$ cat model.txt   # compact mmCIF, C-alpha atoms and all ligand atoms
# COMPACT_ATOMS: atom_id res chain seq x y z
CA MET I 1 0.00 0.00 0.00
CA GLY I 2 2.31 2.72 -1.26
CA LEU I 3 1.50 6.32 -2.02
CA SER I 4 -0.40 6.54 -5.23
CA GLU I 5 1.16 8.65 -7.87
CA LEU I 6 -0.18 11.89 -9.09
CA GLU I 7 -0.82 11.47 -12.78
CA PRO I 8 -1.16 14.37 -15.15
CA GLY I 9 -4.71 14.50 -16.46
CA ALA I 10 -5.76 15.15 -19.98
CA ALA I 11 -5.97 18.85 -19.32
CA GLY I 12 -2.63 18.81 -17.55
CA SER I 13 -4.18 19.00 -14.05
CA PRO I 14 -3.27 16.19 -11.58
CA VAL I 15 -5.89 13.60 -10.68
CA VAL I 16 -5.86 11.34 -7.70
CA SER I 17 -5.29 7.69 -8.49
CA ALA I 18 -8.10 5.25 -7.98
CA VAL I 19 -6.18 3.64 -5.09
CA SER I 20 -6.43 5.95 -2.13
CA PRO I 21 -3.66 6.03 0.47
CA ASN I 22 -6.10 6.99 3.16
CA PHE I 23 -8.19 3.92 3.83
CA MET I 24 -8.52 0.27 3.09
CA THR I 25 -11.16 -2.26 3.87
CA THR I 26 -10.54 -5.51 5.64
CA SER I 27 -12.17 -7.75 8.18
CA LEU I 28 -11.67 -7.08 11.86
CA ASP I 29 -10.44 -10.63 12.37
CA PHE I 30 -7.73 -10.17 9.79
CA LEU I 31 -6.60 -6.90 11.27
CA ALA I 32 -6.54 -8.12 14.87
CA ASN I 33 -4.79 -11.35 13.97
CA TRP I 34 -2.28 -9.46 11.83
CA ALA I 35 -1.47 -7.22 14.77
CA ARG I 36 -1.23 -10.14 17.18
CA THR I 37 1.03 -12.30 15.04
CA GLY I 38 3.34 -9.35 14.45
CA SER I 39 4.09 -8.72 18.10
CA LEU I 40 4.00 -11.92 20.11
CA TRP I 41 5.78 -11.22 23.35
CA PRO I 42 7.20 -14.42 24.75
CA MET I 43 7.28 -15.29 28.43
CA PRO I 44 10.33 -17.56 28.68
CA PHE I 45 9.90 -20.37 31.19
CA GLY I 46 13.29 -21.96 30.83
CA THR I 47 13.88 -24.80 33.26
CA ALA I 48 16.58 -26.95 31.71
CA CYS I 49 18.86 -27.61 28.75
CA CYS I 50 16.21 -26.57 26.20
CA ALA I 51 16.47 -23.06 27.60
CA ILE I 52 20.04 -22.88 26.28
CA GLU I 53 18.72 -23.54 22.80
CA PHE I 54 16.00 -21.01 23.42
CA MET I 55 18.67 -18.43 24.26
CA ALA I 56 20.43 -19.31 21.02
CA THR I 57 17.15 -18.69 19.22
CA ALA I 58 16.89 -15.29 20.83
CA ALA I 59 20.50 -14.37 20.11
CA SER I 60 21.76 -12.68 16.98
CA ARG I 61 22.31 -15.66 14.71
CA TYR I 62 18.72 -16.90 14.73
CA ASP I 63 17.22 -13.70 16.06
CA ILE I 64 13.69 -14.43 17.19
CA SER I 65 12.95 -10.68 17.05
CA ARG I 66 12.59 -11.03 13.30
CA PHE I 67 9.21 -12.55 14.13
CA GLY I 68 8.02 -9.67 16.25
CA MET I 69 9.30 -11.24 19.48
CA GLU I 70 11.56 -8.32 20.07
CA ARG I 71 10.97 -8.17 23.76
CA MET I 72 11.29 -11.11 26.12
CA SER I 73 8.62 -10.44 28.64
CA PHE I 74 9.81 -11.45 32.06
CA SER I 75 6.54 -10.36 33.55
CA PRO I 76 3.66 -12.68 32.73
CA ARG I 77 1.26 -9.75 32.76
CA GLN I 78 2.83 -8.29 29.65
CA ALA I 79 3.26 -11.57 27.80
CA ASP I 80 1.36 -13.25 24.98
CA VAL I 81 3.03 -16.59 24.55
CA LEU I 82 4.44 -18.83 27.26
CA ILE I 83 7.41 -20.83 26.00
CA CYS I 84 8.16 -23.69 28.35
CA ALA I 85 11.73 -24.66 27.46
CA GLY I 86 12.77 -27.62 29.53
CA ARG I 87 11.49 -30.28 31.85
CA LEU I 88 8.97 -29.40 34.51
CA PRO I 89 9.23 -31.02 37.94
CA PHE I 90 6.07 -31.37 39.99
CA LYS I 91 7.46 -28.79 42.39
CA LEU I 92 7.25 -26.20 39.59
CA ALA I 93 3.76 -27.23 38.49
CA PRO I 94 1.97 -24.65 40.68
CA VAL I 95 4.47 -22.03 39.49
CA ILE I 96 3.84 -22.49 35.77
CA ARG I 97 0.13 -22.67 36.50
CA ARG I 98 0.29 -19.34 38.30
CA VAL I 99 2.37 -17.76 35.55
CA TRP I 100 -0.18 -18.96 33.03
CA ASP I 101 -3.05 -17.63 35.12
CA GLN I 102 -1.34 -14.25 35.37
CA MET I 103 -1.02 -13.87 31.61
CA PRO I 104 -3.88 -11.82 30.16
CA GLN I 105 -5.96 -13.08 27.26
CA PRO I 106 -5.31 -13.56 24.41
CA LYS I 107 -2.50 -15.96 25.29
CA TRP I 108 -0.87 -18.97 23.75
CA SER I 109 1.74 -21.47 24.81
CA ILE I 110 4.53 -23.40 23.16
CA SER I 111 5.88 -26.57 24.69
CA MET I 112 9.50 -26.77 23.63
CA GLY I 113 11.29 -30.10 23.66
CA ALA I 114 10.55 -33.70 24.50
CA CYS I 115 10.54 -33.10 28.25
CA ALA I 116 8.02 -30.30 28.27
CA SER I 117 5.83 -32.14 25.78
CA SER I 118 5.85 -35.62 27.30
CA GLY I 119 8.25 -35.89 30.21
CA GLY I 120 10.90 -37.09 27.79
CA ILE I 121 13.40 -39.49 29.28
CA PHE I 122 12.34 -38.54 32.80
CA ASP I 123 9.52 -40.96 33.49
CA ASN I 124 10.00 -40.77 37.24
CA TYR I 125 8.40 -39.64 40.47
CA ALA I 126 9.51 -36.03 40.21
CA MET I 127 8.57 -35.02 36.68
CA VAL I 128 5.37 -33.75 35.11
CA GLN I 129 4.63 -35.98 32.12
CA GLY I 130 3.95 -33.20 29.67
CA ILE I 131 3.00 -29.66 30.59
CA ASP I 132 -0.32 -30.17 28.84
CA THR I 133 -1.47 -31.86 32.05
CA ILE I 134 -1.00 -28.48 33.78
CA ILE I 135 -1.75 -25.80 31.18
CA PRO I 136 -3.25 -25.90 27.67
CA VAL I 137 -0.61 -26.07 24.92
CA ASP I 138 -0.91 -24.69 21.39
CA VAL I 139 2.25 -25.91 19.69
CA TYR I 140 4.55 -28.79 20.59
CA VAL I 141 8.10 -28.56 19.31
CA PRO I 142 9.78 -31.98 19.22
CA GLY I 143 13.47 -32.56 19.80
CA CYS I 144 15.94 -33.00 22.59
CA PRO I 145 16.66 -30.15 22.41
CA PRO I 146 14.95 -28.73 19.32
CA ARG I 147 17.28 -26.73 17.11
CA PRO I 148 16.56 -23.00 16.93
CA GLU I 149 15.07 -23.58 13.47
CA GLY I 150 12.67 -26.02 15.14
CA LEU I 151 11.52 -23.45 17.66
CA LEU I 152 11.18 -20.80 14.95
CA TYR I 153 9.11 -23.22 12.91
CA GLY I 154 6.96 -23.74 16.00
CA VAL I 155 6.55 -19.98 16.33
CA MET I 156 5.52 -19.75 12.68
CA LEU I 157 3.01 -22.55 13.18
CA LEU I 158 1.60 -20.62 16.11
CA MET I 159 1.31 -17.52 13.92
CA LYS I 160 -0.52 -19.58 11.33
CA LYS I 161 -2.85 -20.79 14.05
CA ILE I 162 -3.50 -17.25 15.25
CA ARG I 163 -4.32 -16.09 11.71
CA GLY I 164 -7.12 -18.64 11.67
CA GLU I 165 -8.72 -17.36 14.87
CA SER I 166 -11.98 -15.49 14.90
CA PHE I 167 -13.67 -13.02 17.22
CA THR I 168 -16.92 -14.85 16.85
CA ASP I 169 -15.51 -18.06 18.27
CA ASP I 170 -15.72 -17.35 21.98
CA LEU I 171 -14.76 -20.94 22.85
CA LEU I 172 -11.18 -20.04 21.98
CA ARG I 173 -10.65 -18.02 25.12
CA GLN I 174 -12.56 -20.18 27.52
CA GLU I 175 -10.77 -22.07 30.22
CA GLN I 176 -12.45 -24.10 32.87
CA THR I 177 -10.60 -25.46 35.83
CA ILE I 178 -11.69 -28.39 37.94
CA GLY I 179 -11.49 -27.65 41.61
CA ALA I 180 -9.69 -24.83 43.34
CA ASN I 181 -6.11 -25.82 42.51
CA GLY I 182 -6.19 -25.05 38.83
CA LEU I 183 -6.43 -28.62 37.56
CA TYR I 184 -7.94 -28.24 34.11
CA LEU I 185 -8.10 -31.85 32.87
CA PRO I 186 -10.12 -34.65 34.43
CA PRO I 187 -7.91 -37.12 36.36
CA ASP I 188 -8.40 -40.04 33.98
CA ARG I 189 -7.25 -37.84 31.09
CA ILE I 190 -4.08 -36.94 33.00
CA ASP I 191 -3.39 -40.61 33.69
CA GLU I 192 -3.91 -41.38 30.03
CA LEU I 193 -1.55 -38.59 28.92
CA SER I 194 1.08 -39.74 31.42
CA GLU I 195 1.07 -43.40 30.40
CA PRO I 196 4.60 -44.79 30.19
CA PHE I 197 5.92 -45.45 26.72
CA GLY I 198 9.13 -46.61 25.08
CA ASN I 199 11.69 -48.04 27.46
CA SER I 200 9.85 -47.00 30.57
CA VAL I 201 7.02 -49.52 30.11
CA SER I 202 9.28 -52.26 31.47
CA GLN I 203 9.90 -50.39 34.69
CA THR I 204 7.92 -51.28 37.76
CA ARG I 205 5.21 -49.25 39.39
CA SER I 206 3.75 -50.47 42.63
CA THR I 207 0.62 -48.78 43.79
CA MET O 208 48.02 -54.34 46.26
CA THR O 209 45.69 -52.09 48.16
CA ALA O 210 46.76 -48.78 49.58
CA PRO O 211 47.30 -48.62 53.34
CA PRO O 212 44.42 -47.16 55.33
CA SER O 213 44.58 -43.59 56.52
CA PRO O 214 46.63 -43.23 59.75
CA SER O 215 43.55 -41.65 61.30
CA VAL O 216 42.00 -45.11 61.62
CA ALA O 217 44.64 -46.33 64.07
CA ALA O 218 44.36 -43.08 66.00
CA LEU O 219 40.57 -43.48 66.14
CA ARG O 220 40.87 -47.05 67.45
CA LYS O 221 43.24 -45.88 70.14
CA GLU O 222 40.90 -43.07 71.16
CA PHE O 223 37.49 -44.72 70.84
CA GLY O 224 38.17 -48.45 71.09
CA ASP O 225 35.06 -50.53 70.49
CA ALA O 226 33.08 -47.69 68.99
CA ILE O 227 35.13 -48.04 65.82
CA GLY O 228 34.04 -50.94 63.63
CA ARG O 229 35.72 -52.36 60.58
CA HIS O 230 37.47 -50.22 58.03
CA VAL O 231 37.99 -50.76 54.33
CA VAL O 232 40.13 -49.10 51.70
CA SER O 233 38.21 -48.57 48.52
CA CYS O 234 39.85 -47.01 45.46
CA GLY O 235 42.43 -45.44 47.76
CA ASP O 236 39.82 -43.94 50.08
CA THR O 237 39.59 -45.05 53.68
CA VAL O 238 36.11 -45.89 54.92
CA VAL O 239 35.66 -46.36 58.63
CA TYR O 240 32.49 -47.65 60.33
CA VAL O 241 31.54 -46.05 63.60
CA SER O 242 28.86 -46.90 66.14
CA ARG O 243 25.82 -44.67 65.98
CA GLU O 244 26.13 -43.68 69.65
CA ARG O 245 29.64 -42.30 69.33
CA VAL O 246 29.54 -40.85 65.81
CA HIS O 247 29.11 -37.28 66.99
CA ASP O 248 32.08 -37.58 69.35
CA VAL O 249 34.15 -39.20 66.63
CA LEU O 250 33.38 -36.45 64.12
CA ARG O 251 34.07 -33.73 66.66
CA TRP O 252 37.36 -35.41 67.56
CA LEU O 253 38.33 -35.68 63.89
CA LYS O 254 37.55 -32.03 63.38
CA GLU O 255 39.15 -30.56 66.48
CA THR O 256 42.14 -32.75 67.33
CA PRO O 257 45.47 -31.30 66.21
CA GLY O 258 47.05 -33.66 63.72
CA GLN O 259 43.64 -34.83 62.47
CA GLY O 260 42.12 -31.50 61.46
CA TYR O 261 39.31 -32.74 59.21
CA THR O 262 37.84 -29.28 59.19
CA TYR O 263 35.90 -29.47 55.97
CA LEU O 264 32.68 -31.44 55.67
CA THR O 265 32.44 -32.33 51.99
CA ASP O 266 29.13 -34.13 52.03
CA ILE O 267 26.59 -36.02 54.04
CA THR O 268 24.62 -38.64 52.22
CA ALA O 269 23.14 -42.09 52.70
CA VAL O 270 23.13 -45.30 50.72
CA ASP O 271 20.38 -47.89 50.51
CA TYR O 272 22.01 -51.30 49.98
CA ARG O 273 18.77 -53.31 49.83
CA ASP O 274 20.31 -55.46 52.54
CA PRO O 275 17.68 -57.20 54.69
CA GLU O 276 19.73 -56.81 57.89
CA CYS O 277 21.27 -53.43 57.38
CA PRO O 278 19.58 -51.52 54.60
CA LEU O 279 20.84 -48.00 55.18
CA GLU O 280 24.22 -46.43 55.79
CA VAL O 281 24.77 -42.76 56.50
CA VAL O 282 27.99 -41.32 55.12
CA TRP O 283 30.05 -38.32 56.21
CA GLN O 284 32.79 -37.37 53.80
CA LEU O 285 35.49 -35.34 55.53
CA ARG O 286 38.51 -33.49 54.22
CA ALA O 287 41.55 -32.10 55.96
CA LEU O 288 42.40 -29.04 53.94
CA ASP O 289 45.97 -28.58 55.17
CA ARG O 290 47.40 -31.96 54.08
CA PRO O 291 45.04 -32.61 52.11
CA ALA O 292 43.52 -35.91 53.21
CA ASP O 293 40.08 -37.50 52.98
CA LEU O 294 38.23 -39.75 55.35
CA ARG O 295 34.83 -41.33 54.94
CA VAL O 296 32.93 -42.09 58.13
CA LYS O 297 29.92 -44.38 57.98
CA VAL O 298 27.19 -45.44 60.35
CA ALA O 299 25.21 -48.54 59.52
CA LEU O 300 21.54 -48.43 60.51
CA PRO O 301 20.29 -51.96 61.18
CA ALA O 302 16.77 -52.94 60.18
CA GLY O 303 14.15 -52.66 62.88
CA GLN O 304 15.82 -49.76 64.62
CA PRO O 305 14.79 -46.13 64.24
CA LEU O 306 16.54 -44.30 61.41
CA GLU O 307 18.23 -41.77 63.64
CA VAL O 308 21.69 -40.28 63.85
CA PRO O 309 22.87 -37.17 65.71
CA THR O 310 23.16 -33.94 63.78
CA VAL O 311 26.56 -32.41 63.13
CA TRP O 312 25.06 -28.98 62.52
CA ASP O 313 26.77 -27.79 65.70
CA LEU O 314 30.17 -28.72 64.21
CA TRP O 315 29.65 -27.60 60.62
CA ARG O 316 26.88 -25.08 59.81
CA GLY O 317 26.94 -26.37 56.25
CA ALA O 318 25.48 -29.65 57.47
CA ASN O 319 22.09 -27.96 57.74
CA TRP O 320 20.94 -28.41 54.14
CA LEU O 321 22.90 -31.66 53.63
CA GLU O 322 21.04 -33.28 56.50
CA ARG O 323 17.75 -31.92 55.23
CA GLU O 324 18.46 -33.53 51.88
CA VAL O 325 19.25 -36.91 53.45
CA PHE O 326 16.08 -36.65 55.50
CA ASP O 327 14.06 -35.73 52.40
CA MET O 328 15.46 -38.48 50.19
CA PHE O 329 15.99 -41.30 52.73
CA GLY O 330 13.91 -40.45 55.77
CA VAL O 331 16.87 -40.48 58.17
CA LEU O 332 16.19 -38.29 61.21
CA PHE O 333 19.02 -36.09 62.42
CA ILE O 334 18.47 -35.65 66.14
CA GLY O 335 19.10 -32.09 67.21
CA HIS O 336 18.81 -30.54 63.74
CA PRO O 337 17.34 -27.03 64.08
CA ASP O 338 15.02 -27.17 61.07
CA LEU O 339 14.57 -30.68 59.70
CA ARG O 340 12.15 -30.39 56.79
CA ARG O 341 12.14 -31.39 53.17
CA ILE O 342 14.41 -29.44 50.89
CA LEU O 343 14.13 -30.89 47.37
CA MET O 344 10.56 -32.14 47.37
CA TRP O 345 7.92 -29.67 48.44
CA GLU O 346 6.92 -29.66 52.06
CA THR O 347 3.56 -31.34 51.71
CA TYR O 348 5.00 -34.16 49.57
CA ALA O 349 3.26 -37.27 50.86
CA GLU O 350 4.71 -40.19 48.91
CA GLY O 351 7.70 -40.97 51.09
CA HIS O 352 11.42 -40.80 50.57
CA PRO O 353 12.30 -41.20 46.89
CA LEU O 354 15.88 -42.49 47.05
CA ARG O 355 14.96 -45.56 49.11
CA LYS O 356 15.26 -48.67 47.00
CA SER O 357 11.74 -49.66 48.01
CA PHE O 358 10.36 -46.47 46.45
CA PRO O 359 8.85 -47.16 43.03
CA LEU O 360 10.44 -45.17 40.23
CA ARG O 361 7.25 -43.35 39.31
CA GLY O 362 6.15 -42.78 42.87
CA HIS O 363 3.33 -44.36 44.81
CA PHE O 364 0.39 -42.32 43.55
CA SER O 365 -1.17 -42.16 40.12
CA ARG O 366 -0.08 -39.35 37.85
CA SER O 367 -3.38 -37.52 38.27
CA GLU O 368 -3.10 -37.67 42.04
CA GLN O 369 0.49 -36.46 41.86
CA THR O 370 -0.59 -33.59 39.62
CA ARG O 371 -3.44 -32.68 41.93
CA GLN O 372 -1.22 -32.70 45.00
CA ALA O 373 1.54 -30.77 43.26
CA LEU O 374 -0.88 -28.05 42.16
CA ALA O 375 -2.22 -27.86 45.70
CA GLY O 376 1.29 -27.06 46.95
CA ASN O 377 1.75 -23.40 47.73
CA PRO O 378 5.03 -22.25 46.21
CA GLU O 379 5.26 -19.37 48.63
CA ALA O 380 5.11 -21.71 51.62
CA HIS O 381 8.53 -23.23 50.96
CA TYR O 382 10.55 -20.38 52.36
CA SER O 383 9.86 -18.14 55.26
CA LEU O 384 10.45 -14.45 54.74
CA GLU O 385 13.22 -14.56 57.32
CA GLU O 386 14.92 -17.24 55.29
CA LEU O 387 14.99 -15.05 52.23
CA SER O 388 16.06 -11.91 54.02
CA ILE O 389 19.66 -11.03 54.74
CA ALA O 390 18.75 -8.14 57.01
CA GLU O 391 19.44 -10.08 60.17
CA GLU O 392 22.82 -11.20 58.87
CA TYR O 393 23.90 -7.57 58.68
CA LYS O 394 25.46 -7.62 62.13
CA ASN O 395 27.60 -10.62 61.17
CA LEU O 396 29.19 -8.91 58.18
CA PRO O 397 32.79 -7.66 58.43
CA PRO O 398 32.98 -4.05 59.68
CA ASP O 399 34.32 -2.62 56.40
CA VAL O 400 31.50 -4.21 54.41
CA ARG O 401 28.99 -2.85 56.90
CA GLU O 402 30.51 0.58 56.54
CA ARG O 403 30.28 0.49 52.75
CA LEU O 404 26.69 -0.75 52.86
CA LYS O 405 25.82 2.05 55.25
CA GLN O 406 27.14 4.60 52.78
CA GLY O 407 25.09 3.03 50.03
CA LYS O 408 28.13 1.74 48.14
CA ARG O 409 27.44 -1.62 46.59
CA GLY O 410 29.00 -3.91 44.09
CA PHE O 411 32.59 -2.73 44.14
CA VAL O 412 35.56 -3.05 46.41
CA GLU O 413 37.83 -0.12 46.98
S1 LIG Y 501 14.07 -32.21 25.83
FE1 LIG Y 501 16.23 -32.74 26.03
S2 LIG Y 501 17.27 -30.77 25.88
FE2 LIG Y 501 15.13 -30.33 26.35
S3 LIG Y 501 14.99 -30.19 28.58
FE3 LIG Y 501 14.56 -32.30 28.01
S4 LIG Y 501 16.53 -33.36 28.17
FE4 LIG Y 501 16.94 -31.17 28.07

$ encode --input "model.txt" --output "structure tokens"
Amino acid sequence: MGLSELEPGAAGSPVVSAVSPNFMTTSLDFLANWARTGSLWPMPFGTACCAIEFMATAASRYDISRFGMERMSFSPRQADVLICAGRLPFKLAPVIRRVWDQMPQPKWSISMGACASSGGIFDNYAMVQGIDTIIPVDVYVPGCPPRPEGLLYGVMLLMKKIRGESFTDDLLRQEQTIGANGLYLPPDRIDELSEPFGNSVSQTRST
Amino acid sequence: MTAPPSPSVAALRKEFGDAIGRHVVSCGDTVVYVSRERVHDVLRWLKETPGQGYTYLTDITAVDYRDPECPLEVVWQLRALDRPADLRVKVALPAGQPLEVPTVWDLWRGANWLEREVFDMFGVLFIGHPDLRRILMWETYAEGHPLRKSFPLRGHFSRSEQTRQALAGNPEAHYSLEELSIAEEYKNLPPDVRERLKQGKRGFVE
């Protein structure tokens, strides 16, 4: 949408081009989503080795600010997207839940790495088996750790997801919790999500 | 050929007699078993006697050997900084007896958190410890002591129950405000540091 040129008219007087610089028409959804995708402020929740790769993503070589993530928001109240980079022990579960609750809508979250997404190699007593048992997750980035390109691809997927959102869909921003502690999934769903897999199925669990 | 045991072992036998059990040399390190009743005296003696001088407490930990008669051993790893020399002191805790040993917090202040960790992970009680509560797991953790061999890898409870209990934990309850504040330590600082702090100078040394 550049400035339209002044063209000399037949009589030599300038006429304004048919494309006006002063207004354009679009849908509200498009405009809002365009603005949101262009300035996603990340709330880094770096707990382990993945956070190192996250720092690399933020540093000059990969430069996450190219995607409008210029400012790392270390206050959840000024953040749009929670990036959980690293494994989450149960002791930190109430912390990430509170950080998530403090973020204002609209908000999204990216689960970076195998540990955040599924517990990874840590199928033990201390580790949350995927942060999606604690907070809702929009994009899972696989890898141990994911390369910066992987995280950037995840960010771009999130942007794609945001472009598809609509004001009229009020389900998007709804969150119900079960009970007072901020549990948002029913218990059987959490057990299902935390089922052992891979090597850990042959390890014992006494109840 | 194994290395000879540390000369401290002979000195300990002379001083404490029957309270000193067997000793072994493992990978060049001397390990000496001590009776639970005398362990505090032994450690104090090792720390304070001239010629011994094990002034540095490297670590306190415990080991679960899955042994039916004597499942747990508590370990004190000592170091004499002037020589330097190491000595490992162990107390075996037989089955059927309370898991209790005396604290060494009065000898080494650094034992505070080490003993809390052993209590958290193994359930060993340190008698006389000023503040024996969990340190790695949160305070309301109810599944037991995770580093015991009898503790299942994924814990006792189902994942949903673990999640529910973890979310019910109050992160602010782990530390008291006093614990996080250094205000009361002010009087213990060296006088020159106090003086600089009083003048509002921070972060550099003249
Ligand atoms: S996924 Fe791999 S790199 Fe990332 S936190 Fe887990 S172990 Fe570390």

$ residues_near_ligand --input "model.txt" --ligand "ligand LIG 501 (chain Y)" --cutoff "12 Å" --atoms "all atoms listed in the file" --output "PyMOL selection string"
chain I and resi 45-54+84-89+111-123+127-130+140-148+151

$ atom_distance --input "model.txt" --atom1 "CA of Leu171 in chain I" --atom2 "CA of Ser75 in chain I"
26.1 Å

$ closest_residue --input "model.txt" --among "O:Thr370, O:Thr268, O:Ser357, O:Asn377" --to "Glu322 in chain O" --atoms "only C-alpha atoms"
O:Thr268

$ interface_residues --input "model.txt" --of "chain I" --to "chain O" --cutoff "10 Å" --atoms "all atoms listed in the file" --output "count of residues only"
43

$ closest_residue --input "model.txt" --among "O:Leu314, O:Val331, O:Val270, O:Leu279" --to "Glu255 in chain O" --atoms "all atoms listed in the file"
O:Leu314

$ residues_around --input "model.txt" --residues "range 105-107 of chain I" --least-positions-apart "3" --cutoff "9 Å" --atoms "only C-alpha atoms" --output "PDB file with C-alpha atoms, keeping the file's coordinate frame"
ATOM      1  CA  ARG I  36      -1.230 -10.140  17.180  1.00  0.00           C
ATOM      2  CA  ALA I  79       3.260 -11.570  27.800  1.00  0.00           C
ATOM      3  CA  ASP I  80       1.360 -13.250  24.980  1.00  0.00           C
ATOM      4  CA  VAL I  81       3.030 -16.590  24.550  1.00  0.00           C
ATOM      5  CA  LEU I  82       4.440 -18.830  27.260  1.00  0.00           C
ATOM      6  CA  TRP I 100      -0.180 -18.960  33.030  1.00  0.00           C
ATOM      7  CA  ARG I 173     -10.650 -18.020  25.120  1.00  0.00           C
TER       8      ARG I 173
END

$ residues_near_point --input "model.txt" --point "(16.5, -27.0, 63.7)" --cutoff "10 Å" --atoms "all atoms listed in the file" --output "MDAnalysis selection string"
chainID O and resid 310 312 319 323 333:340

$ atom_distance --input "model.txt" --atom1 "CA of Asp236 in chain O" --atom2 "CA of Ala292 in chain O"
9.4 Å

$ decode --input "model.txt" --residues "range 227-275 of chain O" --atoms "C-alpha atoms" --output "mmCIF file, in the first residue's frame"
data_model
loop_
_atom_site.group_PDB
_atom_site.id
_atom_site.type_symbol
_atom_site.label_atom_id
_atom_site.label_comp_id
_atom_site.auth_asym_id
_atom_site.auth_seq_id
_atom_site.Cartn_x
_atom_site.Cartn_y
_atom_site.Cartn_z
ATOM 1 C CA ILE O 227 35.127 -48.035 65.818
ATOM 2 C CA GLY O 228 34.043 -50.937 63.631
ATOM 3 C CA ARG O 229 35.723 -52.357 60.579
ATOM 4 C CA HIS O 230 37.468 -50.219 58.033
ATOM 5 C CA VAL O 231 37.992 -50.760 54.333
ATOM 6 C CA VAL O 232 40.130 -49.098 51.701
ATOM 7 C CA SER O 233 38.205 -48.573 48.518
ATOM 8 C CA CYS O 234 39.851 -47.006 45.461
ATOM 9 C CA GLY O 235 42.428 -45.443 47.763
ATOM 10 C CA ASP O 236 39.824 -43.937 50.083
ATOM 11 C CA THR O 237 39.585 -45.048 53.682
ATOM 12 C CA VAL O 238 36.111 -45.886 54.918
ATOM 13 C CA VAL O 239 35.657 -46.362 58.631
ATOM 14 C CA TYR O 240 32.489 -47.652 60.326
ATOM 15 C CA VAL O 241 31.541 -46.055 63.604
ATOM 16 C CA SER O 242 28.863 -46.896 66.142
ATOM 17 C CA ARG O 243 25.820 -44.670 65.977
ATOM 18 C CA GLU O 244 26.127 -43.680 69.646
ATOM 19 C CA ARG O 245 29.637 -42.300 69.330
ATOM 20 C CA VAL O 246 29.540 -40.847 65.811
ATOM 21 C CA HIS O 247 29.106 -37.284 66.986
ATOM 22 C CA ASP O 248 32.083 -37.584 69.349
ATOM 23 C CA VAL O 249 34.155 -39.195 66.628
ATOM 24 C CA LEU O 250 33.381 -36.448 64.124
ATOM 25 C CA ARG O 251 34.073 -33.729 66.661
ATOM 26 C CA TRP O 252 37.361 -35.415 67.556
ATOM 27 C CA LEU O 253 38.333 -35.683 63.889
ATOM 28 C CA LYS O 254 37.547 -32.031 63.377
ATOM 29 C CA GLU O 255 39.153 -30.565 66.485
ATOM 30 C CA THR O 256 42.142 -32.749 67.331
ATOM 31 C CA PRO O 257 45.474 -31.298 66.214
ATOM 32 C CA GLY O 258 47.047 -33.657 63.720
ATOM 33 C CA GLN O 259 43.639 -34.825 62.469
ATOM 34 C CA GLY O 260 42.116 -31.504 61.462
ATOM 35 C CA TYR O 261 39.314 -32.738 59.209
ATOM 36 C CA THR O 262 37.837 -29.277 59.193
ATOM 37 C CA TYR O 263 35.895 -29.473 55.972
ATOM 38 C CA LEU O 264 32.676 -31.443 55.669
ATOM 39 C CA THR O 265 32.438 -32.327 51.987
ATOM 40 C CA ASP O 266 29.133 -34.132 52.033
ATOM 41 C CA ILE O 267 26.592 -36.023 54.044
ATOM 42 C CA THR O 268 24.624 -38.642 52.223
ATOM 43 C CA ALA O 269 23.140 -42.087 52.695
ATOM 44 C CA VAL O 270 23.128 -45.301 50.721
ATOM 45 C CA ASP O 271 20.379 -47.894 50.512
ATOM 46 C CA TYR O 272 22.005 -51.303 49.984
ATOM 47 C CA ARG O 273 18.767 -53.312 49.829
ATOM 48 C CA ASP O 274 20.314 -55.461 52.536
ATOM 49 C CA PRO O 275 17.679 -57.203 54.694
#
